[in-house]
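Down below is the structure, laid out as structure tokens.
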Amino acid sequence: MMKRMLIFVALLLASPALFAKGELAMRPASVHAAPKPKKYVLPPTLKRLVVLPLAADVSRPDLTPGCDVLGPMVAAELVRLGKFEAVPADPAILRSDFGDSHWTGGEALPPDFLESLQRLYGADAVVFCQLTEFRGFEPLAVGWRLKLVDLRNGKILWADDEILDARNPAVAAQVRRFYGGDGWLALNSPQMFGRFSLAAILATLPGR
């Protein structure tokens, strides 16, 4: 018995790296931290935003009703924040000047697109809006991909991409807090849930 104990002690002293490696292997996967999200800082001169029409993947016709319902909310919610002046871009003018009215911010833009928006709307930045998910029946779900781009230099000032699903208990609880009631109506209304989801995304906008 004493001999076995001496052998164990000898191994422990001779191979600390071996036991250290075993300790790391027993740690939870969470110790391998994911990359921290990029920190955005908005310039103090950012005051006026032009908001492009809400876009969606053309191969997803199921998103069209969501664009119709939620599209007008983006500029309104930005104004509600009280941080910016936000003006919606006119789809007819966009089609006339650029041949299209919807951009997600992930495709090639027309020549002088940013400069033209700056001139047309007197804006400092443009908001690209994309609807990535829309389930207009219970349980509701809305996905947003938003991007704020400086019209002067094309720099991305802020971006977020998230799907909020009413099946998630944490999301449902947030809806109830947002509307200050039992939340039943909001969890069954595409408009109310959509507004909540948009407000939740815009709440991640950094300060200046």
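Within each chain, counting starts at residue 1; across the structure tokens, chains are named A, B, ... in the order shown, with ligands numbered 1 upward in that order.
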
Find the spatial neighbours of region 96-109 of chain A, counting only C-alpha atoms, within a cut-off of 10 Å - ignore same-chain residues fewer than 6 positions away - and output them as a list in words.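 Here the qualifying residues turn out to be Leu52, Pro53, Leu54, Ala55, Ala56, Asp57, Ala89, Asp90, Ser116, Val126, Val127, Phe128, Cys129, Gln130, Leu131, Arg145, Leu146, Lys147, Leu148 and Val149 of chain A.
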
Can you build me a table of region 153-186 of chain A residues sitting at most 12 Å from region 201-204 of chain A, with the closest atom pair per residue and its distance in Å to one decimal, using only C-alpha atoms, sorted by chain and residue number, as a Markdown table?
| residue | atom | partner | partner_atom | distance |
| --- | --- | --- | --- | --- |
| A:Trp158 | CA | A:Thr204 | CA | 8.9 |
| A:Ala159 | CA | A:Thr204 | CA | 9.0 |
| A:Asp160 | CA | A:Ile201 | CA | 7.0 |
| A:Asp161 | CA | A:Ile201 | CA | 8.1 |
| A:Glu162 | CA | A:Ile201 | CA | 7.5 |
| A:Ile163 | CA | A:Ile201 | CA | 9.5 |
| A:Leu164 | CA | A:Ile201 | CA | 9.4 |

Please produce a file of the residues just selected, as a compact mmCIF listing (two decimals), in the first residue's frame, where the atoms kept are C-alpha atoms.
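As written to disk, selection-v3.txt reads:
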# COMPACT_ATOMS: atom_id res chain seq x y z
CA TRP A 158 -23.92 49.86 -36.04
CA ALA A 159 -25.47 46.55 -37.05
CA ASP A 160 -27.66 43.91 -35.45
CA ASP A 161 -29.21 40.66 -36.62
CA GLU A 162 -31.67 38.84 -34.39
CA ILE A 163 -34.81 36.71 -34.38
CA LEU A 164 -37.27 37.11 -31.52

Rounded to one decimal place, report the CA of Pro65 (chain A)-CA of Arg135 (chain A) distance in Å.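 These two atoms are separated by 9.6 Å.
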
Mind checking which residues fall within 9 Å of Pro72 (chain A), counting only C-alpha atoms, ignoring those fewer than 3 positions away in the same chain, and posting them as a PyMOL selection string? chain A and resi 53-54+67-69+75-76+88

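Of the listed residues A:Ser59, A:Asn153, A:Thr45, A:Thr132, the one whose atoms come nearest to Asp112 (chain A) is A:Asn153, with distances taken using only C-alpha atoms.
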
Nearby residues (only C-alpha atoms) at most 10 Å from Leu78 (chain A), same-chain spacing under 5 positions excluded, as a list in words: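 Here the answer would be Leu49, Val51, Met73, Lys83, Phe84, Glu85, Ala86, Val87, Leu198, Ala199, Leu202 and Ala203 of chain A.
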
Keeping only N, CA and C atoms, write the selected residues as a PDB file, in the first residue's frame.
ATOM      1  N   LEU A  49     -31.179  60.672 -40.038  1.00  0.00           N
ATOM      2  CA  LEU A  49     -31.070  59.377 -40.691  1.00  0.00           C
ATOM      3  C   LEU A  49     -32.110  59.273 -41.797  1.00  0.00           C
ATOM      4  N   VAL A  51     -34.150  56.346 -43.760  1.00  0.00           N
ATOM      5  CA  VAL A  51     -34.489  54.941 -43.534  1.00  0.00           C
ATOM      6  C   VAL A  51     -34.991  54.341 -44.844  1.00  0.00           C
ATOM      7  N   MET A  73     -42.889  50.957 -39.411  1.00  0.00           N
ATOM      8  CA  MET A  73     -42.539  51.118 -38.002  1.00  0.00           C
ATOM      9  C   MET A  73     -41.098  51.567 -37.792  1.00  0.00           C
ATOM     10  N   LYS A  83     -33.282  60.112 -30.199  1.00  0.00           N
ATOM     11  CA  LYS A  83     -31.847  60.335 -30.432  1.00  0.00           C
ATOM     12  C   LYS A  83     -31.573  60.967 -31.795  1.00  0.00           C
ATOM     13  N   PHE A  84     -32.464  60.717 -32.757  1.00  0.00           N
ATOM     14  CA  PHE A  84     -32.208  61.143 -34.121  1.00  0.00           C
ATOM     15  C   PHE A  84     -33.473  61.728 -34.743  1.00  0.00           C
ATOM     16  N   GLU A  85     -33.246  62.422 -35.841  1.00  0.00           N
ATOM     17  CA  GLU A  85     -34.318  62.736 -36.763  1.00  0.00           C
ATOM     18  C   GLU A  85     -34.271  61.664 -37.845  1.00  0.00           C
ATOM     19  N   ALA A  86     -35.370  60.993 -38.092  1.00  0.00           N
ATOM     20  CA  ALA A  86     -35.396  59.897 -39.060  1.00  0.00           C
ATOM     21  C   ALA A  86     -36.460  60.168 -40.107  1.00  0.00           C
ATOM     22  N   VAL A  87     -36.079  60.046 -41.369  1.00  0.00           N
ATOM     23  CA  VAL A  87     -37.011  60.290 -42.455  1.00  0.00           C
ATOM     24  C   VAL A  87     -37.035  59.064 -43.371  1.00  0.00           C
ATOM     25  N   LEU A 198     -38.803  45.238 -32.750  1.00  0.00           N
ATOM     26  CA  LEU A 198     -38.005  46.318 -33.326  1.00  0.00           C
ATOM     27  C   LEU A 198     -37.412  47.200 -32.236  1.00  0.00           C
ATOM     28  N   ALA A 199     -38.220  47.521 -31.224  1.00  0.00           N
ATOM     29  CA  ALA A 199     -37.720  48.335 -30.116  1.00  0.00           C
ATOM     30  C   ALA A 199     -36.579  47.623 -29.393  1.00  0.00           C
ATOM     31  N   LEU A 202     -33.456  48.041 -31.630  1.00  0.00           N
ATOM     32  CA  LEU A 202     -32.965  49.413 -31.638  1.00  0.00           C
ATOM     33  C   LEU A 202     -32.400  49.821 -30.286  1.00  0.00           C
ATOM     34  N   ALA A 203     -32.787  49.131 -29.240  1.00  0.00           N
ATOM     35  CA  ALA A 203     -32.238  49.430 -27.912  1.00  0.00           C
ATOM     36  C   ALA A 203     -30.745  49.141 -27.836  1.00  0.00           C
TER      37      ALA A 203
END

Find the residues near Trp184 (chain A): any atom within 10 Å, counting only C-alpha atoms, skip ones fewer than 4 places away on the same chain, and give them as an MDAnalysis selection string. chainID A and resid 172 175:176 188:189

Mind listing the alpha helix (DSSP H) residues of region 84-178 of chain A, per DSSP on the backbone, as an NGL selection string? :A and (91-98 or 113-121 or 169-178)

Would you mind exporting the chosen residues as a JSON list (two decimals), in the first residue's frame, restricted to C-alpha atoms?
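The resulting result_20.json:
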[["chain", "number", "residue", "atom", "x", "y", "z"],
["A", 91, "PRO", "CA", -39.74, 54.27, -52.80],
["A", 92, "ALA", "CA", -40.89, 56.08, -55.95],
["A", 93, "ILE", "CA", -37.85, 58.38, -55.90],
["A", 94, "LEU", "CA", -35.54, 55.43, -55.29],
["A", 95, "ARG", "CA", -37.00, 53.52, -58.24],
["A", 96, "SER", "CA", -36.76, 56.58, -60.46],
["A", 97, "ASP", "CA", -33.17, 57.39, -59.53],
["A", 98, "PHE", "CA", -31.71, 53.92, -58.98],
["A", 113, "PHE", "CA", -25.83, 55.71, -54.01],
["A", 114, "LEU", "CA", -24.68, 56.99, -50.62],
["A", 115, "GLU", "CA", -23.76, 60.41, -51.94],
["A", 116, "SER", "CA", -27.14, 60.73, -53.62],
["A", 117, "LEU", "CA", -29.01, 59.83, -50.42],
["A", 118, "GLN", "CA", -26.99, 62.41, -48.53],
["A", 119, "ARG", "CA", -27.87, 65.05, -51.09],
["A", 120, "LEU", "CA", -31.56, 64.09, -51.45],
["A", 121, "TYR", "CA", -32.38, 63.84, -47.74],
["A", 169, "PRO", "CA", -40.16, 32.26, -22.29],
["A", 170, "ALA", "CA", -37.62, 35.06, -21.84],
["A", 171, "VAL", "CA", -38.95, 36.85, -24.93],
["A", 172, "ALA", "CA", -42.54, 36.42, -23.77],
["A", 173, "ALA", "CA", -41.61, 37.92, -20.40],
["A", 174, "GLN", "CA", -39.96, 40.89, -22.14],
["A", 175, "VAL", "CA", -43.13, 41.46, -24.17],
["A", 176, "ARG", "CA", -45.19, 41.61, -20.96],
["A", 177, "ARG", "CA", -42.78, 44.09, -19.39],
["A", 178, "PHE", "CA", -42.68, 46.19, -22.56]]

What's the separation between CA of Arg80 (chain A) and CA of Leu205 (chain A), in Å to one decimal place?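 Those two atoms sit 13.1 Å apart.
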